[in-house]
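Student: To be precise about what I am sending: the file is called my_file-v9.pdb and holds PDB, N, CA and C atoms.
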```pdb
MODEL        1
ATOM      1  N   MET P1214     114.333  35.327  59.628
ATOM      2  CA  MET P1214     115.100  36.517  59.341
ATOM      3  C   MET P1214     116.432  36.495  60.075
ATOM      4  N   LYS P1215     116.667  35.541  60.929
ATOM      5  CA  LYS P1215     117.894  35.493  61.697
ATOM      6  C   LYS P1215     119.116  35.399  60.785
ATOM      7  N   LYS P1216     119.097  34.492  59.813
ATOM      8  CA  LYS P1216     120.218  34.363  58.896
ATOM      9  C   LYS P1216     120.370  35.632  58.062
ATOM     10  N   GLU P1217     119.256  36.240  57.684
ATOM     11  CA  GLU P1217     119.294  37.457  56.890
ATOM     12  C   GLU P1217     119.989  38.577  57.646
ATOM     13  N   LYS P1218     119.770  38.669  58.964
ATOM     14  CA  LYS P1218     120.413  39.708  59.759
ATOM     15  C   LYS P1218     121.923  39.604  59.691
ATOM     16  N   GLU P1219     122.422  38.384  59.545
ATOM     17  CA  GLU P1219     123.856  38.179  59.474
ATOM     18  C   GLU P1219     124.443  38.720  58.177
ATOM     19  N   THR P1220     123.687  38.701  57.099
ATOM     20  CA  THR P1220     124.216  39.106  55.803
ATOM     21  C   THR P1220     123.704  40.463  55.336
ATOM     22  N   LEU P1221     122.599  40.932  55.865
ATOM     23  CA  LEU P1221     122.016  42.193  55.439
ATOM     24  C   LEU P1221     122.844  43.366  55.949
ATOM     25  N   GLN P1222     123.094  44.311  55.094
ATOM     26  CA  GLN P1222     123.820  45.519  55.460
ATOM     27  C   GLN P1222     122.820  46.670  55.579
ATOM     28  N   TYR P1223     123.153  47.646  56.414
ATOM     29  CA  TYR P1223     122.258  48.776  56.637
ATOM     30  C   TYR P1223     121.914  49.472  55.318
ATOM     31  N   GLU P1224     122.926  49.761  54.513
ATOM     32  CA  GLU P1224     122.695  50.494  53.270
ATOM     33  C   GLU P1224     121.770  49.728  52.324
ATOM     34  N   THR P1225     121.954  48.426  52.275
ATOM     35  CA  THR P1225     121.100  47.591  51.427
ATOM     36  C   THR P1225     119.662  47.596  51.929
ATOM     37  N   ALA P1226     119.501  47.463  53.231
ATOM     38  CA  ALA P1226     118.162  47.471  53.825
ATOM     39  C   ALA P1226     117.490  48.820  53.614
ATOM     40  N   TYR P1227     118.240  49.895  53.816
ATOM     41  CA  TYR P1227     117.691  51.242  53.652
ATOM     42  C   TYR P1227     117.261  51.492  52.202
ATOM     43  N   THR P1228     118.079  51.053  51.264
ATOM     44  CA  THR P1228     117.744  51.221  49.848
ATOM     45  C   THR P1228     116.493  50.426  49.487
ATOM     46  N   GLU P1229     116.403  49.195  49.976
ATOM     47  CA  GLU P1229     115.215  48.380  49.709
ATOM     48  C   GLU P1229     113.969  49.031  50.310
ATOM     49  N   LEU P1230     114.120  49.573  51.504
ATOM     50  CA  LEU P1230     112.997  50.254  52.153
ATOM     51  C   LEU P1230     112.565  51.478  51.343
ATOM     52  N   GLN P1231     113.520  52.249  50.858
ATOM     53  CA  GLN P1231     113.191  53.404  50.022
ATOM     54  C   GLN P1231     112.447  52.978  48.757
ATOM     55  N   ASN P1232     112.857  51.870  48.174
ATOM     56  CA  ASN P1232     112.186  51.365  46.971
ATOM     57  C   ASN P1232     110.742  50.962  47.259
ATOM     58  N   ILE P1233     110.530  50.318  48.389
ATOM     59  CA  ILE P1233     109.172  49.927  48.769
ATOM     60  C   ILE P1233     108.314  51.167  48.988
ATOM     61  N   ILE P1234     108.868  52.159  49.662
ATOM     62  CA  ILE P1234     108.127  53.404  49.908
ATOM     63  C   ILE P1234     107.766  54.077  48.587
ATOM     64  N   ALA P1235     108.708  54.105  47.657
ATOM     65  CA  ALA P1235     108.436  54.705  46.347
ATOM     66  C   ALA P1235     107.319  53.962  45.628
ATOM     67  N   GLU P1236     107.354  52.630  45.702
ATOM     68  CA  GLU P1236     106.299  51.829  45.068
ATOM     69  C   GLU P1236     104.943  52.128  45.697
ATOM     70  N   LEU P1237     104.921  52.274  47.016
ATOM     71  CA  LEU P1237     103.663  52.590  47.700
ATOM     72  C   LEU P1237     103.157  53.973  47.289
ATOM     73  N   GLN P1238     104.063  54.937  47.245
ATOM     74  CA  GLN P1238     103.674  56.301  46.877
ATOM     75  C   GLN P1238     103.207  56.393  45.428
ATOM     76  N   ASN P1239     103.842  55.620  44.560
ATOM     77  CA  ASN P1239     103.485  55.643  43.138
ATOM     78  C   ASN P1239     102.338  54.691  42.805
ATOM     79  N   GLU P1240     101.875  53.980  43.833
ATOM     80  CA  GLU P1240     100.780  53.035  43.686
ATOM     81  C   GLU P1240     101.070  51.992  42.603
ATOM     82  N   THR P1241     102.320  51.499  42.582
ATOM     83  CA  THR P1241     102.702  50.495  41.591
ATOM     84  C   THR P1241     102.682  49.081  42.168
ATOM     85  N   ILE P1242     102.290  48.950  43.418
ATOM     86  CA  ILE P1242     102.196  47.634  44.046
ATOM     87  C   ILE P1242     100.766  47.136  43.902
ATOM     88  N   GLY P1243     100.637  45.945  43.375
ATOM     89  CA  GLY P1243      99.315  45.344  43.243
ATOM     90  C   GLY P1243      98.769  44.942  44.604
ATOM     91  N   ILE P1244      97.491  44.860  44.712
ATOM     92  CA  ILE P1244      96.831  44.533  45.968
ATOM     93  C   ILE P1244      97.283  43.174  46.504
ATOM     94  N   ASP P1245      97.605  42.250  45.606
ATOM     95  CA  ASP P1245      98.051  40.926  46.025
ATOM     96  C   ASP P1245      99.424  40.956  46.692
ATOM     97  N   ASP P1246     100.243  41.921  46.336
ATOM     98  CA  ASP P1246     101.592  42.036  46.882
ATOM     99  C   ASP P1246     101.685  43.033  48.032
ATOM    100  N   LEU P1247     100.631  43.773  48.267
ATOM    101  CA  LEU P1247     100.666  44.855  49.245
ATOM    102  C   LEU P1247     101.004  44.368  50.658
ATOM    103  N   ALA P1248     100.355  43.336  51.127
ATOM    104  CA  ALA P1248     100.600  42.836  52.480
ATOM    105  C   ALA P1248     102.040  42.367  52.642
ATOM    106  N   ALA P1249     102.569  41.690  51.641
ATOM    107  CA  ALA P1249     103.947  41.211  51.709
ATOM    108  C   ALA P1249     104.931  42.370  51.719
ATOM    109  N   LYS P1250     104.673  43.392  50.932
ATOM    110  CA  LYS P1250     105.562  44.561  50.889
ATOM    111  C   LYS P1250     105.532  45.312  52.220
ATOM    112  N   ILE P1251     104.359  45.431  52.802
ATOM    113  CA  ILE P1251     104.250  46.112  54.092
ATOM    114  C   ILE P1251     104.980  45.321  55.170
ATOM    115  N   ALA P1252     104.831  44.012  55.160
ATOM    116  CA  ALA P1252     105.536  43.161  56.130
ATOM    117  C   ALA P1252     107.045  43.289  55.952
ATOM    118  N   ARG P1253     107.507  43.287  54.716
ATOM    119  CA  ARG P1253     108.938  43.427  54.447
ATOM    120  C   ARG P1253     109.433  44.793  54.909
ATOM    121  N   ALA P1254     108.656  45.829  54.659
ATOM    122  CA  ALA P1254     109.037  47.170  55.099
ATOM    123  C   ALA P1254     109.167  47.220  56.615
ATOM    124  N   GLN P1255     108.266  46.573  57.323
ATOM    125  CA  GLN P1255     108.343  46.536  58.788
ATOM    126  C   GLN P1255     109.617  45.833  59.247
ATOM    127  N   GLU P1256     109.970  44.739  58.593
ATOM    128  CA  GLU P1256     111.209  44.025  58.918
ATOM    129  C   GLU P1256     112.426  44.915  58.695
ATOM    130  N   LEU P1257     112.422  45.632  57.578
ATOM    131  CA  LEU P1257     113.554  46.490  57.253
ATOM    132  C   LEU P1257     113.677  47.655  58.227
ATOM    133  N   VAL P1258     112.554  48.246  58.600
ATOM    134  CA  VAL P1258     112.575  49.341  59.574
ATOM    135  C   VAL P1258     113.133  48.834  60.899
ATOM    136  N   GLN P1259     112.679  47.682  61.329
ATOM    137  CA  GLN P1259     113.165  47.105  62.584
ATOM    138  C   GLN P1259     114.676  46.845  62.506
ATOM    139  N   PHE P1260     115.127  46.275  61.398
ATOM    140  CA  PHE P1260     116.548  46.004  61.215
ATOM    141  C   PHE P1260     117.361  47.297  61.266
ATOM    142  N   CYS P1261     116.908  48.316  60.531
ATOM    143  CA  CYS P1261     117.642  49.586  60.479
ATOM    144  C   CYS P1261     117.690  50.250  61.854
ATOM    145  N   ARG P1262     116.588  50.251  62.563
ATOM    146  CA  ARG P1262     116.570  50.839  63.906
ATOM    147  C   ARG P1262     117.539  50.117  64.837
ATOM    148  N   GLU P1263     117.520  48.790  64.774
ATOM    149  CA  GLU P1263     118.403  47.996  65.621
ATOM    150  C   GLU P1263     119.869  48.281  65.290
ATOM    151  N   ARG P1264     120.156  48.345  64.024
ATOM    152  CA  ARG P1264     121.531  48.615  63.584
ATOM    153  C   ARG P1264     121.984  50.000  64.032
ATOM    154  N   LEU P1265     121.108  50.984  63.926
ATOM    155  CA  LEU P1265     121.442  52.340  64.363
ATOM    156  C   LEU P1265     121.672  52.391  65.872
ATOM    157  N   ARG P1266     120.839  51.688  66.635
ATOM    158  CA  ARG P1266     121.022  51.639  68.094
ATOM    159  C   ARG P1266     122.365  51.010  68.457
ATOM    160  N   GLU P1267     122.706  49.920  67.781
ATOM    161  CA  GLU P1267     123.978  49.257  68.039
ATOM    162  C   GLU P1267     125.154  50.186  67.734
ATOM    163  N   THR P1268     125.064  50.875  66.626
ATOM    164  CA  THR P1268     126.137  51.785  66.232
ATOM    165  C   THR P1268     126.235  52.953  67.202
ATOM    166  N   GLU P1269     125.095  53.471  67.619
ATOM    167  CA  GLU P1269     125.074  54.573  68.583
ATOM    168  C   GLU P1269     125.693  54.130  69.908
ATOM    169  N   ALA P1270     125.386  52.922  70.359
ATOM    170  CA  ALA P1270     125.951  52.403  71.590
ATOM    171  C   ALA P1270     127.470  52.248  71.490
ATOM    172  N   GLN P1271     127.935  51.759  70.353
ATOM    173  CA  GLN P1271     129.374  51.605  70.151
ATOM    174  C   GLN P1271     130.065  52.967  70.112
ATOM    175  N   ALA P1272     129.434  53.920  69.448
ATOM    176  CA  ALA P1272     130.011  55.263  69.367
ATOM    177  C   ALA P1272     130.028  55.913  70.742
ATOM    178  N   GLY P1273     128.994  55.658  71.534
ATOM    179  CA  GLY P1273     128.931  56.218  72.884
ATOM    180  C   GLY P1273     130.062  55.709  73.757
ATOM    181  N   LYS P1274     130.469  54.468  73.546
ATOM    182  CA  LYS P1274     131.576  53.886  74.328
ATOM    183  C   LYS P1274     132.889  54.599  74.038
ATOM    184  N   LEU P1275     133.016  55.153  72.844
ATOM    185  CA  LEU P1275     134.247  55.868  72.499
ATOM    186  C   LEU P1275     134.432  57.138  73.314
ATOM    187  N   PHE P1276     133.321  57.722  73.720
ATOM    188  CA  PHE P1276     133.370  59.000  74.423
ATOM    189  C   PHE P1276     133.180  58.873  75.934
ATOM    190  N   ASP P1277     133.105  57.658  76.434
ATOM    191  CA  ASP P1277     132.967  57.460  77.881
ATOM    192  C   ASP P1277     134.291  57.546  78.581
TER     193      ASP P1277
ENDMDL
END
```
Using structure tokens, write down the structure that the file contains.

Tutor:
Amino acid sequence: MKKEKETLQYETAYTELQNIIAELQNETIGIDDLAAKIARAQELVQFCRERLRETEAQAGKLFD
């Protein structure tokens, strides 16, 4: 996922995560794909959290 972090944008990751959540809620994910979708969702959540922390830290520097 290291190379992906370089090219993945927050908005893209967030949209993909929303799509996975919708699929889970609508029960449109087959059992064979469920584990992979959950793993991908975990990766996306981690990426989004990290990106938000980085942005918050940068914004905090503006007000110091």

Student: Rounded to one decimal, what separation in Å do you get between CA of Leu1221 in chain P and CA of Phe1260 in chain P?

Tutor: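 A separation of 8.8 Å between them.
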
Student: For the structure I just gave you, how does DSSP split chain P - specifically, which residues are helix (DSSP H, G or I)? Reply as a PyMOL selection string.

Tutor: chain P and resi 1215-1220+1223-1238+1244-1275

Student: Report, in Å to a single decimal, how far apart CA of Cys1261 in chain P and CA of Tyr1223 in chain P are.

Tutor: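 Pair CA of Tyr1223 in chain P / CA of Cys1261 in chain P returns 6.1 Å.
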
Student: CA of Leu1257 in chain P to CA of Ala1226 in chain P: how many Å, to one decimal?

Tutor: 5.8 Å

Student: Find the residues near Glu1229 in chain P: any atom within 8 Å, counting only N, CA and C atoms, skip ones fewer than 5 places away on the same chain, and give them as a PyMOL selection string.

Tutor: chain P and resi 1223-1224+1234-1235+1253-1254+1257

Student: Give the answer as one residue: which of P:Ile1233, P:Gln1238, P:Gln1222, P:Leu1265 has the shortest atom-to-atom distance to Ile1251 in chain P, using all atoms listed in the file?

Tutor: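 Checking each of P:Ile1233, P:Gln1238, P:Gln1222, P:Leu1265 against Ile1251 in chain P, counting all atoms listed in the file, the winner is P:Ile1233.
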
Student: Calculated over only C-alpha atoms, which of the candidates P:Leu1237, P:Gly1243, P:Glu1269, P:Leu1230 has the smallest distance to Glu1256 in chain P?

Tutor: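 Counting only C-alpha atoms, the residue closest to Glu1256 in chain P is P:Leu1230.
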
Student: Taking all atoms of range 1257-1262 of chain P that the file lists and extending 3 Å past them on each side, where is the centre of the axis-aligned box and how long are its edges? Answer in Å to one decimal, as AutoDock Vina command-line options.

Tutor:
```
--center_x 115.1 --center_y 48.2 --center_z 61.0 --size_x 11.3 --size_y 11.2 --size_z 13.6
```

Student: Can you sort out range 1264-1275 of chain P so it carries all heavy atoms, written as a PDB file, in the coordinates of the input?

Tutor:
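Ended up saving to selection.pdb:
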```pdb
ATOM      1  N   ARG P1264     120.156  48.345  64.024  1.00  0.00           N
ATOM      2  CA  ARG P1264     121.531  48.615  63.584  1.00  0.00           C
ATOM      3  C   ARG P1264     121.984  50.000  64.032  1.00  0.00           C
ATOM      4  O   ARG P1264     123.123  50.175  64.481  1.00  0.00           O
ATOM      5  CB  ARG P1264     121.588  48.490  62.065  1.00  0.00           C
ATOM      6  CG  ARG P1264     122.953  48.501  61.514  1.00  0.00           C
ATOM      7  CD  ARG P1264     123.603  47.154  61.790  1.00  0.00           C
ATOM      8  NE  ARG P1264     124.874  47.175  61.119  1.00  0.00           N
ATOM      9  CZ  ARG P1264     125.962  46.649  61.620  1.00  0.00           C
ATOM     10  NH1 ARG P1264     125.925  46.005  62.737  1.00  0.00           N
ATOM     11  NH2 ARG P1264     127.084  46.743  60.974  1.00  0.00           N
ATOM     12  N   LEU P1265     121.108  50.984  63.926  1.00  0.00           N
ATOM     13  CA  LEU P1265     121.442  52.340  64.363  1.00  0.00           C
ATOM     14  C   LEU P1265     121.672  52.391  65.872  1.00  0.00           C
ATOM     15  O   LEU P1265     122.599  53.058  66.350  1.00  0.00           O
ATOM     16  CB  LEU P1265     120.348  53.329  63.958  1.00  0.00           C
ATOM     17  CG  LEU P1265     120.278  53.651  62.468  1.00  0.00           C
ATOM     18  CD1 LEU P1265     119.024  54.449  62.157  1.00  0.00           C
ATOM     19  CD2 LEU P1265     121.519  54.406  62.022  1.00  0.00           C
ATOM     20  N   ARG P1266     120.839  51.688  66.635  1.00  0.00           N
ATOM     21  CA  ARG P1266     121.022  51.639  68.094  1.00  0.00           C
ATOM     22  C   ARG P1266     122.365  51.010  68.457  1.00  0.00           C
ATOM     23  O   ARG P1266     123.065  51.491  69.343  1.00  0.00           O
ATOM     24  CB  ARG P1266     119.884  50.858  68.747  1.00  0.00           C
ATOM     25  CG  ARG P1266     118.605  51.638  68.847  1.00  0.00           C
ATOM     26  CD  ARG P1266     117.552  50.884  69.679  1.00  0.00           C
ATOM     27  NE  ARG P1266     116.261  51.461  69.426  1.00  0.00           N
ATOM     28  CZ  ARG P1266     115.258  50.858  68.810  1.00  0.00           C
ATOM     29  NH1 ARG P1266     115.373  49.605  68.414  1.00  0.00           N
ATOM     30  NH2 ARG P1266     114.111  51.464  68.606  1.00  0.00           N
ATOM     31  N   GLU P1267     122.706  49.920  67.781  1.00  0.00           N
ATOM     32  CA  GLU P1267     123.978  49.257  68.039  1.00  0.00           C
ATOM     33  C   GLU P1267     125.154  50.186  67.734  1.00  0.00           C
ATOM     34  O   GLU P1267     126.102  50.273  68.520  1.00  0.00           O
ATOM     35  CB  GLU P1267     124.107  47.995  67.182  1.00  0.00           C
ATOM     36  CG  GLU P1267     123.185  46.878  67.580  1.00  0.00           C
ATOM     37  CD  GLU P1267     123.180  45.733  66.566  1.00  0.00           C
ATOM     38  OE1 GLU P1267     123.915  45.807  65.541  1.00  0.00           O
ATOM     39  OE2 GLU P1267     122.443  44.770  66.794  1.00  0.00           O
ATOM     40  N   THR P1268     125.064  50.875  66.626  1.00  0.00           N
ATOM     41  CA  THR P1268     126.137  51.785  66.232  1.00  0.00           C
ATOM     42  C   THR P1268     126.235  52.953  67.202  1.00  0.00           C
ATOM     43  O   THR P1268     127.334  53.365  67.580  1.00  0.00           O
ATOM     44  CB  THR P1268     125.900  52.283  64.799  1.00  0.00           C
ATOM     45  OG1 THR P1268     125.822  51.150  63.927  1.00  0.00           O
ATOM     46  CG2 THR P1268     127.014  53.203  64.340  1.00  0.00           C
ATOM     47  N   GLU P1269     125.095  53.471  67.619  1.00  0.00           N
ATOM     48  CA  GLU P1269     125.074  54.573  68.583  1.00  0.00           C
ATOM     49  C   GLU P1269     125.693  54.130  69.908  1.00  0.00           C
ATOM     50  O   GLU P1269     126.461  54.871  70.523  1.00  0.00           O
ATOM     51  CB  GLU P1269     123.639  55.032  68.804  1.00  0.00           C
ATOM     52  CG  GLU P1269     123.514  56.238  69.701  1.00  0.00           C
ATOM     53  CD  GLU P1269     122.067  56.689  69.844  1.00  0.00           C
ATOM     54  OE1 GLU P1269     121.224  55.873  70.303  1.00  0.00           O
ATOM     55  OE2 GLU P1269     121.789  57.836  69.480  1.00  0.00           O
ATOM     56  N   ALA P1270     125.386  52.922  70.359  1.00  0.00           N
ATOM     57  CA  ALA P1270     125.951  52.403  71.590  1.00  0.00           C
ATOM     58  C   ALA P1270     127.470  52.248  71.490  1.00  0.00           C
ATOM     59  O   ALA P1270     128.205  52.597  72.412  1.00  0.00           O
ATOM     60  CB  ALA P1270     125.304  51.065  71.959  1.00  0.00           C
ATOM     61  N   GLN P1271     127.935  51.759  70.353  1.00  0.00           N
ATOM     62  CA  GLN P1271     129.374  51.605  70.151  1.00  0.00           C
ATOM     63  C   GLN P1271     130.065  52.967  70.112  1.00  0.00           C
ATOM     64  O   GLN P1271     131.139  53.134  70.669  1.00  0.00           O
ATOM     65  CB  GLN P1271     129.643  50.834  68.854  1.00  0.00           C
ATOM     66  CG  GLN P1271     129.271  49.373  68.938  1.00  0.00           C
ATOM     67  CD  GLN P1271     129.419  48.673  67.593  1.00  0.00           C
ATOM     68  OE1 GLN P1271     129.577  49.298  66.553  1.00  0.00           O
ATOM     69  NE2 GLN P1271     129.337  47.349  67.636  1.00  0.00           N
ATOM     70  N   ALA P1272     129.434  53.920  69.448  1.00  0.00           N
ATOM     71  CA  ALA P1272     130.011  55.263  69.367  1.00  0.00           C
ATOM     72  C   ALA P1272     130.028  55.913  70.742  1.00  0.00           C
ATOM     73  O   ALA P1272     130.979  56.609  71.104  1.00  0.00           O
ATOM     74  CB  ALA P1272     129.219  56.133  68.384  1.00  0.00           C
ATOM     75  N   GLY P1273     128.994  55.658  71.534  1.00  0.00           N
ATOM     76  CA  GLY P1273     128.931  56.218  72.884  1.00  0.00           C
ATOM     77  C   GLY P1273     130.062  55.709  73.757  1.00  0.00           C
ATOM     78  O   GLY P1273     130.568  56.430  74.619  1.00  0.00           O
ATOM     79  N   LYS P1274     130.469  54.468  73.546  1.00  0.00           N
ATOM     80  CA  LYS P1274     131.576  53.886  74.328  1.00  0.00           C
ATOM     81  C   LYS P1274     132.889  54.599  74.038  1.00  0.00           C
ATOM     82  O   LYS P1274     133.764  54.651  74.883  1.00  0.00           O
ATOM     83  CB  LYS P1274     131.716  52.390  74.025  1.00  0.00           C
ATOM     84  CG  LYS P1274     130.577  51.562  74.568  1.00  0.00           C
ATOM     85  CD  LYS P1274     130.742  50.104  74.185  1.00  0.00           C
ATOM     86  CE  LYS P1274     129.551  49.296  74.659  1.00  0.00           C
ATOM     87  NZ  LYS P1274     129.652  47.881  74.256  1.00  0.00           N
ATOM     88  N   LEU P1275     133.016  55.153  72.844  1.00  0.00           N
ATOM     89  CA  LEU P1275     134.247  55.868  72.499  1.00  0.00           C
ATOM     90  C   LEU P1275     134.432  57.138  73.314  1.00  0.00           C
ATOM     91  O   LEU P1275     135.551  57.558  73.561  1.00  0.00           O
ATOM     92  CB  LEU P1275     134.238  56.231  71.004  1.00  0.00           C
ATOM     93  CG  LEU P1275     134.303  55.094  70.013  1.00  0.00           C
ATOM     94  CD1 LEU P1275     134.131  55.622  68.596  1.00  0.00           C
ATOM     95  CD2 LEU P1275     135.617  54.355  70.133  1.00  0.00           C
TER      96      LEU P1275
END
```
